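Participant: Dropping a structure here in structure tokens format, bear with me for questions.
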Amino acid sequence: MEREIYMDYAATTYIKPEVLEEMNPYLTQYFGNPSSIYRISRNTKMAIDIAREKIAGGINGRRDEIFFTGGGSEADNWAIKGIAFANKDKGNHIITTGIEHHAVMHTCEYLEELGFEITYLPVDEFGFINIEDLKNSINDKTILVSVMFANNEIGTIEPINDIGKICREKGIVFHTDAVQAVGNIPIDVKAMNIDLLSIASHKFYGPKGIGALYIRKGIKIHNLIHGGAQERAKRAGTENVAGIVGMGKAIELAVQNMENEANRLSCLRDKLIERLLQIPGSKLNGAIGEDRLPGNVNMSFEGIDGEILVMKLDNLGIFASSGSACSAGAIEPSHVLLALGIPAELAKNSLRLSMGSGTTEEEVEYLMKVIPETIKEFRKSNEKWNNR
Ligand SMILES: *Cc1c(COP(=O)(O)O)cnc(C)c1O
């Protein structure tokens, strides 16, 4: 059998067996609607409460500050639209960055159409925002700052502590899209002065289609989904009980293993980066060392179209991602890589390898052999690289 190596944990993860095991009874035996009052429903209601406690514990929030959503995108939409609409009498100015996930970026663009003003903070060559830029962007109409915890493409971890401190001092609501951070690196919403935080279960070995928004007690926010009184009348819709239970178990496991797993993955990451940097015309995209997500590698290889490289690796059973996105038939370079100041051509030459729980040292060693070979082969057909 041909081997398969999954290198796209930033896109999604598998469900861990222990997580699936906890979910199973809530898909079959305990199917009662949590809003009903008979026994099989009391079971489901209790399971939701336990999961809520676990999720709160994973980020040092309180149980009554966790609200379940249909995933990370919904949490981002809710945070940004909900705060914008609840504060529109106070101001119409929102600050975010040029490297956000589309769930944040396109939500901000939508609000722009409705008359909100958005500042997109620039980032440096490693992907960090500048704290002075943030301070200078705040005006008396600013109602929200939304800066991602860690970037999904380049793995850069933003200075969340500093951002939280400034926002709290100025009395501005601070939201962070922590979808890539939760379960991978330590998060403390209290110590970091975070008001809202987005979570998605399928990025840390839980099921897809379930997430949460942390909303600090006292923060005023409008609803995104109107209907029944679920989630203390803040998010309507019958709860995804099995999903919620799975997410609870997944965050518990992630927090237990976090330190070991982060150390293990950082070592593999640095080893792989070191080898790939020996390839002529290669460049690392994003931050170096501690300020990078443990499992993230993002590199550009001059003259190598990222999409084609991904397809060639696919043929070898290696599943990775390129930074570019296919929009309207044309390959567009990633807005994140462009924001780093990388020329459009080199931005299209990018490859993201994201490692996780199933990644082994042996797999990484195989990549260290196969990727340089594949690139060398690729360049044989290219005049410019023929002699190198
Ligand atoms: C995956 C991801 C999202 C979207 O989450 P979904 O659960 O897929 O909707 C948002 N932000 C970041 C940073 C992500 O990596």
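Each chain of the structure tokens is named A, B, ... in the order shown, its residues numbered from 1; ligands are numbered from 1 in display order.
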Counting only C-alpha atoms and all ligand atoms, name the residues that have an atom within 9 Å of an atom of ligand 1; the answer should be given as a PDB file with C-alpha atoms, in the first residue's frame.

Facilitator:
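Below you can see selection_10.pdb, which holds the result:
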ATOM      1  CA  ALA A  10      -3.991  23.688  10.152  1.00  0.00           C
ATOM      2  CA  ALA A  11      -6.833  22.963   7.711  1.00  0.00           C
ATOM      3  CA  THR A  12      -8.456  20.366   9.923  1.00  0.00           C
ATOM      4  CA  GLY A  70     -21.489  26.215  14.550  1.00  0.00           C
ATOM      5  CA  GLY A  71     -17.700  26.606  14.254  1.00  0.00           C
ATOM      6  CA  GLY A  72     -14.916  29.171  14.041  1.00  0.00           C
ATOM      7  CA  SER A  73     -16.402  31.224  11.209  1.00  0.00           C
ATOM      8  CA  GLU A  74     -19.662  31.730  13.082  1.00  0.00           C
ATOM      9  CA  ALA A  75     -17.807  32.720  16.240  1.00  0.00           C
ATOM     10  CA  ASP A  76     -15.815  35.339  14.277  1.00  0.00           C
ATOM     11  CA  GLU A 100      -6.819  37.789   9.327  1.00  0.00           C
ATOM     12  CA  HIS A 101      -8.677  34.654   8.274  1.00  0.00           C
ATOM     13  CA  HIS A 102     -11.404  35.308   5.706  1.00  0.00           C
ATOM     14  CA  ALA A 103     -14.022  34.800   8.427  1.00  0.00           C
ATOM     15  CA  VAL A 104     -12.786  38.034  10.024  1.00  0.00           C
ATOM     16  CA  MET A 148      -5.889  36.952  15.543  1.00  0.00           C
ATOM     17  CA  PHE A 149      -4.013  35.004  18.218  1.00  0.00           C
ATOM     18  CA  ALA A 150      -1.952  32.979  15.752  1.00  0.00           C
ATOM     19  CA  ASN A 151      -1.984  33.025  11.979  1.00  0.00           C
ATOM     20  CA  ASN A 152      -3.259  29.980  10.111  1.00  0.00           C
ATOM     21  CA  GLU A 153      -0.880  30.299   7.150  1.00  0.00           C
ATOM     22  CA  ASP A 177      -9.616  34.675  16.550  1.00  0.00           C
ATOM     23  CA  ALA A 178      -7.827  31.942  18.498  1.00  0.00           C
ATOM     24  CA  VAL A 179      -8.869  29.079  16.233  1.00  0.00           C
ATOM     25  CA  GLN A 180      -5.242  28.113  15.495  1.00  0.00           C
ATOM     26  CA  ALA A 181      -4.057  28.707  19.042  1.00  0.00           C
ATOM     27  CA  SER A 198     -13.207  32.371  18.831  1.00  0.00           C
ATOM     28  CA  ILE A 199     -12.749  28.592  19.063  1.00  0.00           C
ATOM     29  CA  ALA A 200     -13.230  25.788  16.500  1.00  0.00           C
ATOM     30  CA  SER A 201     -13.242  22.168  17.618  1.00  0.00           C
ATOM     31  CA  HIS A 202     -11.983  20.562  14.384  1.00  0.00           C
ATOM     32  CA  LYS A 203      -8.602  22.278  14.703  1.00  0.00           C
ATOM     33  CA  LYS A 208     -16.309  19.730  12.601  1.00  0.00           C
ATOM     34  CA  GLY A 209     -19.209  22.181  12.673  1.00  0.00           C
ATOM     35  CA  ILE A 210     -18.916  23.032  16.350  1.00  0.00           C
ATOM     36  CA  GLY A 211     -17.118  25.920  17.993  1.00  0.00           C
TER      37      GLY A 211
END

Participant: Please provide as a list in words all residues within 9 Å of Asn87 (chain A), with the sequence filter that same-chain residues fewer than 4 positions apart are discarded (counting only C-alpha atoms).

Facilitator: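 The filter keeps Gly82, Ile83, Gly91, Asn92, Ile143, Lys220 and Ile221 of chain A.
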
Participant: Go ahead and write the selection's residues with C-alpha atoms as a CSV table (one decimal), in the first residue's frame.

Facilitator:
chain,number,residue,atom,x,y,z
A,82,GLY,CA,-22.4,41.5,17.4
A,83,ILE,CA,-20.1,44.1,18.9
A,91,GLY,CA,-18.7,54.8,17.2
A,92,ASN,CA,-18.2,53.1,13.9
A,143,ILE,CA,-15.4,50.3,19.3
A,220,LYS,CA,-22.7,43.8,25.5
A,221,ILE,CA,-23.2,42.0,22.2

Participant: Give me, as a list in words, all polymer residues having an atom no more than 12 Å from Met105 (chain A), counting only C-alpha atoms and skipping those fewer than 4 positions away in the same chain.

Facilitator: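 What passes the distance filter is Ser73, Asp76, Asn77, Ile80, Lys81, Ile94, Ile95, Thr96, Thr97, Gly98, Ile99, Glu100, His101, Glu109, Tyr110, Leu111, Glu112, Ile118, Thr119, Tyr120, Leu121, Ser146, Val147, Met148, Asp177, His335 and Val336 of chain A.
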
Participant: Excluding Ala287 (chain A) and any residue of its chain fewer than 3 positions from it, enumerate the residues within 10 Å of it, using only C-alpha atoms, and give them as a PyMOL selection string.

Facilitator: chain A and resi 124-128+154-158+284+290-293+297-298

Participant: Could you turn the residues from that selection into a file that holds all heavy atoms, as a CSV table (one decimal), in the first residue's frame?

Facilitator:
chain,number,residue,atom,x,y,z
A,124,ASP,N,4.8,43.4,9.9
A,124,ASP,CA,6.2,43.4,9.5
A,124,ASP,C,6.5,42.1,8.7
A,124,ASP,O,5.6,41.3,8.4
A,124,ASP,CB,7.2,43.6,10.6
A,124,ASP,CG,7.2,42.5,11.6
A,124,ASP,OD1,6.7,41.4,11.3
A,124,ASP,OD2,7.8,42.7,12.7
A,125,GLU,N,7.8,41.9,8.3
A,125,GLU,CA,8.1,40.8,7.4
A,125,GLU,C,7.9,39.4,8.1
A,125,GLU,O,7.8,38.4,7.4
A,125,GLU,CB,9.6,40.9,7.0
A,125,GLU,CG,10.5,40.9,8.2
A,125,GLU,CD,12.0,40.9,7.8
A,125,GLU,OE1,12.4,40.1,6.9
A,125,GLU,OE2,12.8,41.7,8.4
A,126,PHE,N,7.8,39.4,9.4
A,126,PHE,CA,7.5,38.2,10.1
A,126,PHE,C,6.0,37.9,10.4
A,126,PHE,O,5.6,36.9,10.9
A,126,PHE,CB,8.3,38.1,11.4
A,126,PHE,CG,9.7,38.3,11.3
A,126,PHE,CD1,10.4,39.4,11.7
A,126,PHE,CD2,10.5,37.3,10.6
A,126,PHE,CE1,11.7,39.6,11.5
A,126,PHE,CE2,11.9,37.5,10.5
A,126,PHE,CZ,12.5,38.6,10.9
A,127,GLY,N,5.2,39.0,10.2
A,127,GLY,CA,3.8,38.9,10.4
A,127,GLY,C,3.3,39.5,11.7
A,127,GLY,O,2.1,39.3,12.0
A,128,PHE,N,4.1,40.2,12.4
A,128,PHE,CA,3.7,40.9,13.6
A,128,PHE,C,3.1,42.2,13.4
A,128,PHE,O,3.7,43.0,12.6
A,128,PHE,CB,4.9,41.1,14.6
A,128,PHE,CG,5.6,39.8,15.0
A,128,PHE,CD1,6.9,39.5,14.6
A,128,PHE,CD2,4.9,38.9,15.8
A,128,PHE,CE1,7.5,38.3,15.0
A,128,PHE,CE2,5.5,37.7,16.3
A,128,PHE,CZ,6.8,37.4,15.8
A,154,ILE,N,1.0,31.3,8.3
A,154,ILE,CA,2.4,31.4,8.6
A,154,ILE,C,2.8,31.1,10.1
A,154,ILE,O,3.9,31.1,10.5
A,154,ILE,CB,3.0,32.8,8.3
A,154,ILE,CG1,2.1,33.9,8.9
A,154,ILE,CG2,3.0,33.0,6.7
A,154,ILE,CD1,2.6,35.3,8.8
A,155,GLY,N,1.8,30.9,10.9
A,155,GLY,CA,2.0,30.4,12.3
A,155,GLY,C,2.5,31.5,13.3
A,155,GLY,O,2.7,31.2,14.4
A,156,THR,N,2.5,32.8,12.8
A,156,THR,CA,3.0,33.8,13.7
A,156,THR,C,2.0,34.1,14.8
A,156,THR,O,0.8,34.2,14.6
A,156,THR,CB,3.2,35.1,12.9
A,156,THR,OG1,4.1,34.9,11.8
A,156,THR,CG2,3.6,36.3,13.7
A,157,ILE,N,2.6,34.2,16.0
A,157,ILE,CA,1.8,34.4,17.2
A,157,ILE,C,1.9,35.9,17.6
A,157,ILE,O,2.9,36.4,17.8
A,157,ILE,CB,2.3,33.5,18.4
A,157,ILE,CG1,2.2,32.0,18.0
A,157,ILE,CG2,1.4,33.8,19.7
A,157,ILE,CD1,2.9,31.1,19.0
A,158,GLU,N,0.7,36.6,17.6
A,158,GLU,CA,0.7,38.0,17.8
A,158,GLU,C,0.9,38.4,19.3
A,158,GLU,O,0.7,37.6,20.1
A,158,GLU,CB,-0.6,38.6,17.3
A,158,GLU,CG,-0.9,38.4,15.8
A,158,GLU,CD,0.2,39.2,14.9
A,158,GLU,OE1,0.7,40.2,15.4
A,158,GLU,OE2,0.4,38.7,13.8
A,284,LEU,N,12.0,31.1,4.3
A,284,LEU,CA,10.9,30.8,5.4
A,284,LEU,C,10.0,32.0,5.4
A,284,LEU,O,10.4,33.2,5.5
A,284,LEU,CB,11.6,30.6,6.7
A,284,LEU,CG,10.7,30.4,7.9
A,284,LEU,CD1,10.0,29.0,7.8
A,284,LEU,CD2,11.5,30.5,9.2
A,290,GLU,N,10.1,30.8,19.0
A,290,GLU,CA,9.0,30.8,20.0
A,290,GLU,C,7.7,31.4,19.6
A,290,GLU,O,6.7,31.0,20.0
A,290,GLU,CB,9.5,31.6,21.2
A,290,GLU,CG,10.6,30.9,22.0
A,290,GLU,CD,10.3,30.7,23.5
A,290,GLU,OE1,9.9,31.8,24.0
A,290,GLU,OE2,10.4,29.6,24.0
A,291,ASP,N,7.8,32.4,18.7
A,291,ASP,CA,6.6,33.1,18.3
A,291,ASP,C,5.9,32.5,17.1
A,291,ASP,O,5.2,33.2,16.4
A,291,ASP,CB,7.0,34.6,18.0
A,291,ASP,CG,7.4,35.3,19.3
A,291,ASP,OD1,6.8,35.1,20.3
A,291,ASP,OD2,8.3,36.2,19.2
A,292,ARG,N,6.2,31.2,16.8
A,292,ARG,CA,5.6,30.5,15.7
A,292,ARG,C,4.9,29.3,16.3
A,292,ARG,O,5.3,28.7,17.2
A,292,ARG,CB,6.7,30.1,14.8
A,292,ARG,CG,6.2,29.5,13.5
A,292,ARG,CD,7.4,29.1,12.6
A,292,ARG,NE,6.8,28.8,11.3
A,292,ARG,CZ,6.9,29.6,10.2
A,292,ARG,NH1,7.6,30.7,10.2
A,292,ARG,NH2,6.3,29.2,9.1
A,293,LEU,N,3.7,29.0,15.7
A,293,LEU,CA,3.0,27.8,16.1
A,293,LEU,C,3.9,26.6,16.0
A,293,LEU,O,4.6,26.5,15.0
A,293,LEU,CB,1.7,27.6,15.3
A,293,LEU,CG,0.5,28.5,15.6
A,293,LEU,CD1,-0.6,28.3,14.6
A,293,LEU,CD2,0.0,28.3,17.0
A,297,VAL,N,5.0,25.1,9.3
A,297,VAL,CA,6.2,25.4,8.4
A,297,VAL,C,5.6,26.0,7.1
A,297,VAL,O,4.6,25.5,6.6
A,297,VAL,CB,6.9,24.1,7.9
A,297,VAL,CG1,8.0,24.4,6.9
A,297,VAL,CG2,7.5,23.4,9.2
A,298,ASN,N,6.1,27.2,6.7
A,298,ASN,CA,5.6,27.8,5.5
A,298,ASN,C,6.8,28.4,4.8
A,298,ASN,O,7.6,29.2,5.3
A,298,ASN,CB,4.6,28.9,5.8
A,298,ASN,CG,4.0,29.5,4.5
A,298,ASN,OD1,4.6,29.8,3.6
A,298,ASN,ND2,2.6,29.7,4.6

Participant: Excluding Gly323 (chain A) and any residue of its chain fewer than 2 positions from it, enumerate the residues within 8 Å of it, using only C-alpha atoms, and give them as a list in words.

Facilitator: Glu153, Gly306, Ser321, Ala325, Pro333, Ser334, Leu337, Ala347, Lys348, Ser350, Leu351 and Arg352 of chain A

Participant: Which residues of region 178-236 of chain A come within 7 Å of region 247-256 of chain A, and for each one, what is the closest pair of atoms and their distance in Å to one decimal, counting only C-alpha atoms, sorted by chain and residue number, as CSV?

Facilitator:
residue,atom,partner,partner_atom,distance
A:Gly183,CA,A:Ala254,CA,4.9
A:Ser201,CA,A:Met247,CA,5.3
A:Phe204,CA,A:Ala250,CA,6.5
A:Tyr205,CA,A:Ala250,CA,5.9
A:Gly206,CA,A:Met247,CA,5.1
A:Pro207,CA,A:Met247,CA,6.8

Participant: What does the structure give for the distance between CA of Thr69 (chain A) and CA of His175 (chain A), in Å to one decimal?

Facilitator: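 Computing the Euclidean distance for CA of Thr69 (chain A) and CA of His175 (chain A) yields 15.7 Å.
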
Participant: Would you give me, as JSON, numbers by chain, the residues in region 150-315 of chain A that DSSP reads as alpha helix (DSSP H)?

Facilitator: {"A": [160, 161, 162, 163, 164, 165, 166, 167, 168, 169, 170, 230, 231, 232, 233, 241, 242, 243, 244, 245, 246, 247, 248, 249, 250, 251, 252, 253, 254, 255, 256, 257, 258, 259, 260, 261, 262, 263, 264, 265, 266, 267, 268, 269, 270, 271, 272, 273, 274, 275, 276, 306, 307, 308, 309, 310, 311, 312, 313, 314, 315]}

Participant: Distance CA of Glu65 (chain A)-CA of Arg235 (chain A), one decimal place?

Facilitator: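 According to the coordinates, CA of Glu65 (chain A) and CA of Arg235 (chain A) are separated by 12.7 Å.
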
Participant: Nearest residue to Ser266 (chain A) out of A:Thr359, A:Asn223, A:Asn43, A:Asn24, using only C-alpha atoms?

Facilitator: A:Thr359

Participant: DSSP on the backbone: which residues in region 331-388 of chain A end up as strand (DSSP E)? Give the answer as a PyMOL selection string.

Facilitator: chain A and resi 331-332+350-354

Participant: Can you write out the residues you just picked, keeping C-alpha atoms, as a short mmCIF file (atom, residue, chain, number, x, y, z; two decimals), in the first residue's frame?

Facilitator:
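What follows is the written file part_12.cif:
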data_model
loop_
_atom_site.label_atom_id
_atom_site.label_comp_id
_atom_site.auth_asym_id
_atom_site.auth_seq_id
_atom_site.Cartn_x
_atom_site.Cartn_y
_atom_site.Cartn_z
CA ILE A 331 -4.61 31.59 -8.81
CA GLU A 332 -4.34 34.53 -6.45
CA SER A 350 4.66 28.93 -1.24
CA LEU A 351 4.07 25.65 0.53
CA ARG A 352 2.50 25.18 3.97
CA LEU A 353 3.22 22.00 5.89
CA SER A 354 1.31 21.83 9.16
#

Participant: Kindly give the distance, in Å, that separates CA of Leu265 (chain A) and CA of Glu365 (chain A), rounded to a single decimal.

Facilitator: 13.4 Å

Participant: Using only C-alpha atoms for the distances, tell me which of A:Ile163, A:Ile279, A:Leu309, A:Ile55 is nearest to Glu132 (chain A).

Facilitator: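 Checking each candidate against Glu132 (chain A), we get A:Ile163 as the closest.
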
Participant: May I have the residues within 9 Å of Glu259 (chain A) as a list in words, using only C-alpha atoms and disregarding those fewer than 6 positions away in the same chain?

Facilitator: Asn184, Ile185 and Pro186 of chain A

Participant: Convert the current residue selection to file output with C-alpha atoms, as a compact mmCIF listing (two decimals), in the first residue's frame.

Facilitator:
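Now in part_25.txt:
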# COMPACT_ATOMS: atom_id res chain seq x y z
CA ASN A 184 -1.72 24.24 20.77
CA ILE A 185 -0.40 27.04 22.97
CA PRO A 186 -1.41 28.35 26.42

Participant: Restricting the calculation to only C-alpha atoms, which member of A:Ile59, A:Ser137, A:Glu169, A:Asp64 is positioned closest to Gly218 (chain A)?

Facilitator: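 With only C-alpha atoms as the atom set, the closest residue is A:Asp64.
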
Participant: Within 12 Å of Ala233 (chain A), counting only C-alpha atoms, which residues qualify if same-chain residues fewer than 4 places away don't, as an MDAnalysis selection string?

Facilitator: chainID A and resid 67:68 221:229 237:238
